[in-house]
$ cat run.txt   # compact mmCIF, C-alpha atoms and all ligand atoms
# COMPACT_ATOMS: atom_id res chain seq x y z
CA MET A 1 -12.33 -19.19 -3.90
CA SER A 2 -12.86 -15.75 -2.49
CA ASP A 3 -10.12 -13.96 -0.58
CA THR A 4 -10.01 -11.53 2.32
CA VAL A 5 -7.97 -8.54 1.21
CA MET A 6 -6.90 -5.49 3.19
CA VAL A 7 -5.89 -2.18 1.58
CA THR A 8 -4.62 0.93 3.37
CA GLY A 9 -5.38 4.47 2.25
CA THR A 10 -8.66 3.92 0.41
CA GLY A 11 -10.52 7.18 0.99
CA ARG A 12 -10.24 8.80 -2.45
CA SER A 13 -12.21 7.39 -5.38
CA TYR A 14 -9.78 8.75 -7.98
CA ALA A 15 -6.68 7.28 -6.29
CA LEU A 16 -5.10 3.84 -6.29
CA GLY A 17 -6.06 2.41 -2.88
CA TYR A 18 -9.78 2.88 -3.45
CA ASN A 19 -9.55 1.30 -6.91
CA ILE A 20 -7.62 -1.72 -5.66
CA ALA A 21 -10.35 -2.22 -3.05
CA LEU A 22 -12.99 -1.82 -5.77
CA ARG A 23 -11.34 -4.40 -8.05
CA TYR A 24 -11.39 -7.04 -5.29
CA LEU A 25 -14.99 -6.21 -4.36
CA GLU A 26 -16.01 -6.57 -8.00
CA ALA A 27 -14.36 -10.03 -8.00
CA GLY A 28 -16.46 -11.10 -5.00
CA ASP A 29 -13.71 -10.89 -2.39
CA THR A 30 -14.11 -9.50 1.13
CA VAL A 31 -12.23 -6.21 1.54
CA ILE A 32 -10.96 -4.46 4.64
CA ALA A 33 -10.49 -0.86 3.54
CA THR A 34 -8.64 1.47 5.86
CA ILE A 35 -9.15 5.22 5.94
CA ARG A 36 -7.59 7.96 8.02
CA LYS A 37 -10.69 10.14 8.22
CA PRO A 38 -14.34 9.85 7.15
CA SER A 39 -14.65 9.35 3.40
CA PRO A 40 -17.88 9.88 1.44
CA ASP A 41 -16.35 7.81 -1.38
CA ILE A 42 -15.92 4.77 0.88
CA ASP A 43 -19.38 5.36 2.41
CA ALA A 44 -20.87 5.06 -1.08
CA LEU A 45 -18.94 1.82 -1.69
CA LYS A 46 -20.17 0.45 1.63
CA GLU A 47 -23.77 1.17 0.60
CA LYS A 48 -23.22 -0.96 -2.49
CA TYR A 49 -21.17 -3.85 -1.08
CA GLY A 50 -22.52 -4.12 2.50
CA ASP A 51 -20.87 -6.85 4.59
CA LYS A 52 -18.30 -7.59 1.87
CA LEU A 53 -16.63 -4.28 2.74
CA ILE A 54 -15.24 -3.71 6.22
CA VAL A 55 -14.21 -0.09 6.74
CA VAL A 56 -11.68 0.65 9.46
CA THR A 57 -10.20 3.94 10.59
CA MET A 58 -6.45 3.78 11.18
CA ASP A 59 -3.63 6.33 11.31
CA LEU A 60 -0.42 4.70 10.15
CA THR A 61 1.75 7.11 12.10
CA ASP A 62 0.14 6.07 15.39
CA THR A 63 1.02 2.58 16.69
CA ALA A 64 -1.93 2.55 19.13
CA SER A 65 -4.32 3.37 16.28
CA VAL A 66 -2.89 0.57 14.11
CA ASN A 67 -3.07 -1.93 16.98
CA ALA A 68 -6.65 -0.90 17.76
CA ALA A 69 -7.57 -1.38 14.09
CA ALA A 70 -6.04 -4.88 14.15
CA ALA A 71 -8.04 -5.76 17.27
CA GLU A 72 -11.22 -4.50 15.60
CA VAL A 73 -10.56 -6.47 12.41
CA SER A 74 -9.74 -9.64 14.40
CA GLY A 75 -13.30 -9.57 15.67
CA LYS A 76 -14.63 -9.62 12.11
CA VAL A 77 -12.40 -11.94 10.05
CA ASP A 78 -10.30 -14.96 11.00
CA HIS A 79 -7.49 -14.41 8.50
CA ILE A 80 -6.18 -12.08 5.78
CA ASP A 81 -5.03 -13.47 2.40
CA ILE A 82 -3.56 -10.28 0.93
CA LEU A 83 -2.51 -7.07 2.69
CA ILE A 84 -1.68 -4.08 0.50
CA ASN A 85 0.22 -1.23 2.13
CA ASN A 86 -0.78 1.57 -0.23
CA ALA A 87 -1.25 4.72 1.87
CA VAL A 88 1.17 7.55 1.27
CA GLY A 89 1.82 11.17 2.02
CA VAL A 90 4.46 13.68 0.97
CA ALA A 91 6.00 16.83 2.40
CA PRO A 92 4.30 20.13 1.50
CA ASP A 93 7.55 21.18 -0.22
CA VAL A 94 8.10 17.89 -2.09
CA ASP A 95 8.90 19.89 -5.24
CA LYS A 96 11.94 21.55 -3.63
CA GLY A 97 15.53 20.32 -3.77
CA PHE A 98 18.41 19.89 -1.38
CA PHE A 99 19.12 23.59 -0.71
CA ASP A 100 15.50 24.72 -0.39
CA ALA A 101 13.46 21.87 1.12
CA ASP A 102 12.67 22.06 4.83
CA LEU A 103 14.59 19.02 6.06
CA ASP A 104 12.37 18.77 9.14
CA ASN A 105 9.54 17.75 6.81
CA ILE A 106 11.36 14.52 5.93
CA PRO A 107 11.10 12.42 9.13
CA PRO A 108 7.26 12.42 9.30
CA VAL A 109 7.10 11.22 5.67
CA LEU A 110 9.67 8.49 6.35
CA ASP A 111 7.63 7.47 9.37
CA LEU A 112 4.38 7.27 7.42
CA ILE A 113 5.74 5.47 4.36
CA SER A 114 8.17 2.99 5.88
CA VAL A 115 7.54 2.63 9.62
CA GLY A 116 3.81 2.75 8.89
CA ALA A 117 4.10 -0.44 6.83
CA LEU A 118 6.07 -2.13 9.63
CA ARG A 119 3.41 -1.15 12.17
CA VAL A 120 0.64 -2.54 10.00
CA VAL A 121 2.32 -5.85 9.19
CA ARG A 122 3.32 -6.43 12.81
CA ALA A 123 -0.18 -5.66 14.13
CA PHE A 124 -1.91 -7.78 11.48
CA TYR A 125 0.67 -10.60 11.47
CA PRO A 126 -1.58 -12.98 13.49
CA LEU A 127 -4.29 -12.64 10.83
CA LEU A 128 -1.77 -13.00 8.00
CA SER A 129 -0.22 -16.13 9.48
CA ALA A 130 -3.68 -17.60 10.12
CA CYS A 131 -4.24 -17.79 6.37
CA PRO A 132 -4.99 -21.40 5.29
CA GLU A 133 -2.34 -21.06 2.53
CA ASN A 134 0.48 -18.54 2.66
CA SER A 135 -0.63 -14.92 2.74
CA LEU A 136 0.85 -12.06 0.74
CA VAL A 137 1.94 -8.58 1.82
CA ILE A 138 2.41 -6.00 -0.92
CA ASN A 139 4.20 -2.78 -0.11
CA ILE A 140 3.28 -0.29 -2.80
CA SER A 141 6.66 1.26 -3.44
CA SER A 142 7.87 3.34 -6.38
CA GLU A 143 10.68 3.46 -8.88
CA ALA A 144 11.48 6.67 -6.98
CA GLY A 145 12.62 4.46 -4.10
CA SER A 146 15.35 2.78 -6.14
CA ILE A 147 18.75 3.98 -4.96
CA GLU A 148 20.49 2.48 -7.98
CA LYS A 149 18.20 4.20 -10.51
CA CYS A 150 17.82 7.53 -8.70
CA TYR A 151 18.08 10.56 -11.01
CA ARG A 152 15.91 13.09 -9.11
CA THR A 153 16.98 16.15 -7.15
CA THR A 154 13.56 16.94 -5.64
CA GLY A 155 11.14 14.84 -3.57
CA MET A 156 13.81 13.62 -1.17
CA ASP A 157 11.13 12.86 1.45
CA TYR A 158 9.24 10.57 -0.93
CA GLY A 159 12.32 8.89 -2.46
CA MET A 160 13.90 8.30 0.94
CA GLY A 161 10.56 7.03 2.28
CA LYS A 162 10.17 4.50 -0.53
CA ALA A 163 13.83 3.41 -0.28
CA ALA A 164 13.25 2.80 3.44
CA LEU A 165 10.05 0.91 2.59
CA ASN A 166 12.07 -1.30 0.25
CA MET A 167 14.53 -2.02 3.05
CA ALA A 168 11.65 -2.71 5.43
CA THR A 169 10.35 -5.19 2.85
CA MET A 170 13.66 -7.08 2.88
CA TYR A 171 13.79 -7.15 6.68
CA MET A 172 10.29 -8.60 6.85
CA PHE A 173 11.01 -11.05 4.04
CA ASN A 174 14.13 -12.31 5.82
CA THR A 175 12.17 -12.65 9.05
CA PHE A 176 9.22 -14.54 7.54
CA LYS A 177 10.80 -16.57 4.74
CA ASP A 178 11.70 -19.80 6.54
CA GLU A 179 8.16 -20.34 7.80
CA ARG A 180 6.68 -19.60 4.36
CA LYS A 181 3.42 -18.45 5.95
CA VAL A 182 3.70 -14.78 4.92
CA ASN A 183 5.15 -13.73 1.57
CA ILE A 184 6.10 -10.11 0.80
CA PHE A 185 7.03 -7.90 -2.16
CA ALA A 186 7.70 -4.21 -2.81
CA VAL A 187 5.96 -3.22 -6.04
CA HIS A 188 6.31 -0.19 -8.30
CA PRO A 189 2.66 0.18 -9.39
CA GLY A 190 3.31 1.98 -12.70
CA TRP A 191 2.80 5.61 -13.65
CA ILE A 192 -0.80 6.35 -12.76
CA ARG A 193 -3.22 9.29 -12.88
CA THR A 194 -3.77 8.99 -9.14
CA ASN A 195 -4.79 12.64 -8.82
CA GLY A 196 -7.68 11.91 -11.18
CA LYS A 197 -6.89 14.95 -13.31
CA GLU A 198 -7.54 14.86 -17.08
CA ASP A 199 -4.29 16.68 -17.91
CA ASN A 200 -2.18 14.17 -15.96
CA PRO A 201 0.12 12.60 -18.61
CA ALA A 202 0.42 9.24 -16.80
CA PRO A 203 -0.75 6.38 -19.05
CA LEU A 204 -2.86 4.44 -16.54
CA SER A 205 -6.05 5.38 -14.71
CA SER A 206 -6.17 4.22 -11.10
CA TYR A 207 -8.80 1.64 -12.06
CA GLU A 208 -6.66 0.26 -14.91
CA ALA A 209 -3.57 0.14 -12.68
CA ALA A 210 -5.52 -1.64 -9.95
CA GLY A 211 -6.62 -4.37 -12.39
CA ILE A 212 -3.05 -4.98 -13.55
CA LEU A 213 -1.83 -5.14 -9.94
CA LYS A 214 -4.56 -7.53 -8.84
CA ASP A 215 -3.51 -10.01 -11.57
CA LEU A 216 0.16 -9.59 -10.65
CA PHE A 217 -0.48 -10.26 -6.96
CA ALA A 218 -2.33 -13.48 -7.81
CA LYS A 219 0.63 -14.64 -9.96
CA ARG A 220 3.31 -13.89 -7.37
CA LYS A 221 1.51 -14.90 -4.17
CA ASN A 222 3.47 -18.14 -3.76
CA ASP A 223 6.79 -16.94 -5.17
CA PHE A 224 9.21 -17.01 -2.25
CA THR A 225 12.38 -17.08 -4.35
CA GLY A 226 12.22 -14.22 -6.89
CA HIS A 227 13.62 -10.68 -6.50
CA ARG A 228 11.63 -8.71 -3.91
CA PHE A 229 11.26 -5.38 -5.76
CA ILE A 230 9.19 -5.72 -8.92
CA THR A 231 7.23 -3.54 -11.30
CA ASN A 232 3.53 -3.76 -12.16
CA GLU A 233 4.64 -5.75 -15.22
CA GLY A 234 6.29 -8.34 -12.99
CA GLU A 235 9.83 -7.32 -13.90
CA ASP A 236 12.61 -7.19 -11.33
CA TYR A 237 13.59 -3.61 -10.43
CA PRO A 238 16.92 -2.66 -8.84
CA PHE A 239 16.80 -1.68 -5.17
N1 LIG B 1 0.76 7.88 -9.08
C1 LIG B 1 1.80 7.21 -9.51
O1 LIG B 1 2.16 7.26 -10.69
C2 LIG B 1 2.58 6.37 -8.53
C3 LIG B 1 3.84 5.93 -8.92
C4 LIG B 1 4.56 5.15 -8.04
C5 LIG B 1 4.02 4.81 -6.83
N2 LIG B 1 2.80 5.27 -6.47
C6 LIG B 1 2.27 4.86 -5.16
O2 LIG B 1 0.96 4.38 -5.31
C7 LIG B 1 0.29 4.50 -4.05
C8 LIG B 1 -1.04 5.15 -4.25
O3 LIG B 1 -0.87 6.52 -4.58
P1 LIG B 1 -2.13 7.46 -4.52
O4 LIG B 1 -1.65 8.82 -4.81
O5 LIG B 1 -3.22 6.87 -5.32
O6 LIG B 1 -2.52 7.39 -3.02
P2 LIG B 1 -3.90 6.92 -2.33
O7 LIG B 1 -4.31 5.60 -2.85
O8 LIG B 1 -4.86 7.99 -2.32
O9 LIG B 1 -3.33 6.77 -0.87
C9 LIG B 1 -3.14 7.88 -0.17
C10 LIG B 1 -4.07 7.69 1.00
O10 LIG B 1 -3.23 7.53 2.11
C11 LIG B 1 -3.91 8.08 3.18
N3 LIG B 1 -3.04 8.49 4.27
C12 LIG B 1 -2.19 9.54 4.29
N4 LIG B 1 -1.61 9.63 5.49
C13 LIG B 1 -2.12 8.63 6.24
C14 LIG B 1 -1.95 8.22 7.58
N5 LIG B 1 -1.12 8.87 8.41
N6 LIG B 1 -2.64 7.15 8.02
C15 LIG B 1 -3.47 6.49 7.21
N7 LIG B 1 -3.70 6.83 5.93
C16 LIG B 1 -3.03 7.90 5.46
C17 LIG B 1 -4.64 9.29 2.61
O11 LIG B 1 -5.73 9.54 3.44
P3 LIG B 1 -6.60 10.90 3.32
O12 LIG B 1 -7.52 10.65 2.16
O13 LIG B 1 -7.28 10.96 4.63
O14 LIG B 1 -5.63 12.00 3.08
C18 LIG B 1 -5.00 8.85 1.21
O15 LIG B 1 -6.34 8.42 1.11
C19 LIG B 1 1.22 5.25 -3.13
O16 LIG B 1 1.91 4.37 -2.28
C20 LIG B 1 2.16 5.93 -4.11
O17 LIG B 1 3.40 6.24 -3.52
C21 LIG B 1 2.06 6.04 -7.29
$ encode --input "run.txt" --output "structure tokens" --more "lines below"
Ligand SMILES: NC(=O)c1ccc[n+]([C@@H]2O[C@H](COP(=O)([O-])OP(=O)(O)OC[C@H]3O[C@@H](n4cnc5c(N)ncnc54)[C@H](OP(=O)(O)O)[C@@H]3O)[C@@H](O)[C@H]2O)c1
Amino acid sequence: MSDTVMVTGTGRSYALGYNIALRYLEAGDTVIATIRKPSPDIDALKEKYGDKLIVVTMDLTDTASVNAAAAEVSGKVDHIDILINNAVGVAPDVDKGFFDADLDNIPPVLDLISVGALRVVRAFYPLLSACPENSLVINISSEAGSIEKCYRTTGMDYGMGKAALNMATMYMFNTFKDERKVNIFAVHPGWIRTNGKEDNPAPLSSYEAAGILKDLFAKRKNDFTGHRFITNEGEDYPF
């Protein structure tokens, strides 16, 4: 049976969000792909997949924009089976450490990564809970968001953002779990060449990573009891 799947941050063909959308389209599913600004890459995908691909513009840092996107999507589909919060951004000085980073760059990144996911799930909750079976929300997190495993001294904005996203995941899980209509996980997606560069040492292309994740999401869709922060290999990861 074909699913309706929504993915945020899909505008770049070399990156993960686009490739997750592509994997579901290739499987015959209907995809709602969100972008922040016009994307020639998504335009080309739309040419190929037509009505199977619904493209929506949405800025995750703007509640009104997210709510407007949800209203637009509600006019086109009657439920969402899987929602993947993938979009991300980092501070311009992400490579700097405690003494050098501009601390005022951190709050906007926290807002985008963690509050952005809350905005999206709240706005799209009616579509998620209208799913004939239970639906699944995946927050694409990172091992960099693990407080227990943290070894870095740079990228505080990103690490703090993903740690906050992990906490947001638990709050939403606790809120939804008794009804068992909406399931939710935070997932470290693996080490991926998401910048599309040949010299990137990461082992997985975005397309390969997206295939692994798609299989994982199918396996864990109905798992309401396991640990909530897992890797792309399905292993529990410490918060
Ligand atoms: N690469 C790795 O090894 C690795 C490891 C762990 C976790 N991850 C995670 O994997 C995910 C995918 O990473 P990626 O680099 O491939 O990213 P991506 O899929 O390209 O997603 C980034 C997208 O987010 C969009 N975006 C940024 N700010 C936004 C906003 N305010 N509103 C709406 N959309 C916004 C960007 O839009 P524009 O195109 O308009 O800028 C961009 O297309 C991320 O969550 C990342 O943290 C990656």
$ axis_aligned_box --input "run.txt" --around "ligand LIG 1 (chain B)" --padding-each-side "6 Å" --output "AutoDock Vina command-line options"
--center_x -1.5 --center_y 8.2 --center_z -1.1 --size_x 24.1 --size_y 19.6 --size_z 31.1
$ residues_around --input "run.txt" --residues "Ala15 (chain A)" --least-positions-apart "3" --cutoff "10 Å" --atoms "all atoms listed in the file" --output "PyMOL selection string"
chain A and resi 9-12+18-20+192-196+205-207+210
$ atom_distance --input "run.txt" --atom1 "CA of Met1 (chain A)" --atom2 "CA of Asp178 (chain A)"
26.2 Å
$ closest_residue --input "run.txt" --among "A:Gly190, A:Arg122, A:Leu25, A:Glu143" --to "Thr175 (chain A)" --atoms "all atoms listed in the file"
A:Arg122
$ atom_distance --input "run.txt" --atom1 "CA of Asn166 (chain A)" --atom2 "CA of Gly116 (chain A)"
12.6 Å
$ closest_residue --input "run.txt" --among "A:Leu60, A:Val109, A:Ile147, A:Leu118" --to "ligand LIG 1 (chain B)" --atoms "only C-alpha atoms and all ligand atoms"
A:Leu60
$ atom_distance --input "run.txt" --atom1 "atom O12 of ligand LIG 1 (chain B)" --atom2 "CA of Lys46 (chain A)"
16.3 Å
$ residues_around --input "run.txt" --residues "Met156 (chain A)" --least-positions-apart "3" --cutoff "8 Å" --atoms "all atoms listed in the file" --output "list in words"
Val94, Gly97, Phe98, Ile106, Thr153, Gly159 and Met160 of chain A
$ residues_near_point --input "run.txt" --point "(5.2, -19.3, -5.8)" --cutoff "12 Å" --atoms "all atoms listed in the file" --output "mmCIF file with C-alpha atoms, keeping the file's coordinate frame"
data_model
loop_
_atom_site.group_PDB
_atom_site.id
_atom_site.type_symbol
_atom_site.label_atom_id
_atom_site.label_comp_id
_atom_site.auth_asym_id
_atom_site.auth_seq_id
_atom_site.Cartn_x
_atom_site.Cartn_y
_atom_site.Cartn_z
ATOM 1 C CA GLU A 133 -2.340 -21.060 2.530
ATOM 2 C CA ASN A 134 0.480 -18.540 2.660
ATOM 3 C CA SER A 135 -0.630 -14.920 2.740
ATOM 4 C CA LEU A 136 0.850 -12.060 0.740
ATOM 5 C CA ARG A 180 6.680 -19.600 4.360
ATOM 6 C CA LYS A 181 3.420 -18.450 5.950
ATOM 7 C CA VAL A 182 3.700 -14.780 4.920
ATOM 8 C CA ASN A 183 5.150 -13.730 1.570
ATOM 9 C CA ILE A 184 6.100 -10.110 0.800
ATOM 10 C CA LEU A 216 0.160 -9.590 -10.650
ATOM 11 C CA PHE A 217 -0.480 -10.260 -6.960
ATOM 12 C CA ALA A 218 -2.330 -13.480 -7.810
ATOM 13 C CA LYS A 219 0.630 -14.640 -9.960
ATOM 14 C CA ARG A 220 3.310 -13.890 -7.370
ATOM 15 C CA LYS A 221 1.510 -14.900 -4.170
ATOM 16 C CA ASN A 222 3.470 -18.140 -3.760
ATOM 17 C CA ASP A 223 6.790 -16.940 -5.170
ATOM 18 C CA PHE A 224 9.210 -17.010 -2.250
ATOM 19 C CA THR A 225 12.380 -17.080 -4.350
ATOM 20 C CA GLY A 226 12.220 -14.220 -6.890
#
$ residues_near_point --input "run.txt" --point "(-12.0, -11.1, 3.4)" --cutoff "7 Å" --atoms "all atoms listed in the file" --output "JSON list (two decimals) with C-alpha atoms, keeping the file's coordinate frame"
[["chain", "number", "residue", "atom", "x", "y", "z"],
["A", 3, "ASP", "CA", -10.12, -13.96, -0.58],
["A", 4, "THR", "CA", -10.01, -11.53, 2.32],
["A", 5, "VAL", "CA", -7.97, -8.54, 1.21],
["A", 29, "ASP", "CA", -13.71, -10.89, -2.39],
["A", 30, "THR", "CA", -14.11, -9.50, 1.13],
["A", 31, "VAL", "CA", -12.23, -6.21, 1.54],
["A", 32, "ILE", "CA", -10.96, -4.46, 4.64],
["A", 77, "VAL", "CA", -12.40, -11.94, 10.05],
["A", 80, "ILE", "CA", -6.18, -12.08, 5.78]]
$ closest_residue --input "run.txt" --among "A:Tyr171, A:Phe124, A:Tyr151, A:Tyr158" --to "Val90 (chain A)" --atoms "all atoms listed in the file"
A:Tyr158
$ residues_around --input "run.txt" --residues "Lys37 (chain A)" --least-positions-apart "4" --cutoff "9 Å" --atoms "only C-alpha atoms" --output "list in words"
Gly11, Thr57, Met58 and Asp59 of chain A
$ residues_around --input "run.txt" --residues "Leu165 (chain A)" --least-positions-apart "5" --cutoff "10 Å" --atoms "all atoms listed in the file" --output "number ranges by chain"
A: 110-118, 139-142, 145, 159-160, 170-171, 186
$ residues_around --input "run.txt" --residues "Phe185 (chain A)" --least-positions-apart "6" --cutoff "7 Å" --atoms "all atoms listed in the file" --output "VMD selection string"
chain A and resid 137 to 139 169 228 to 229
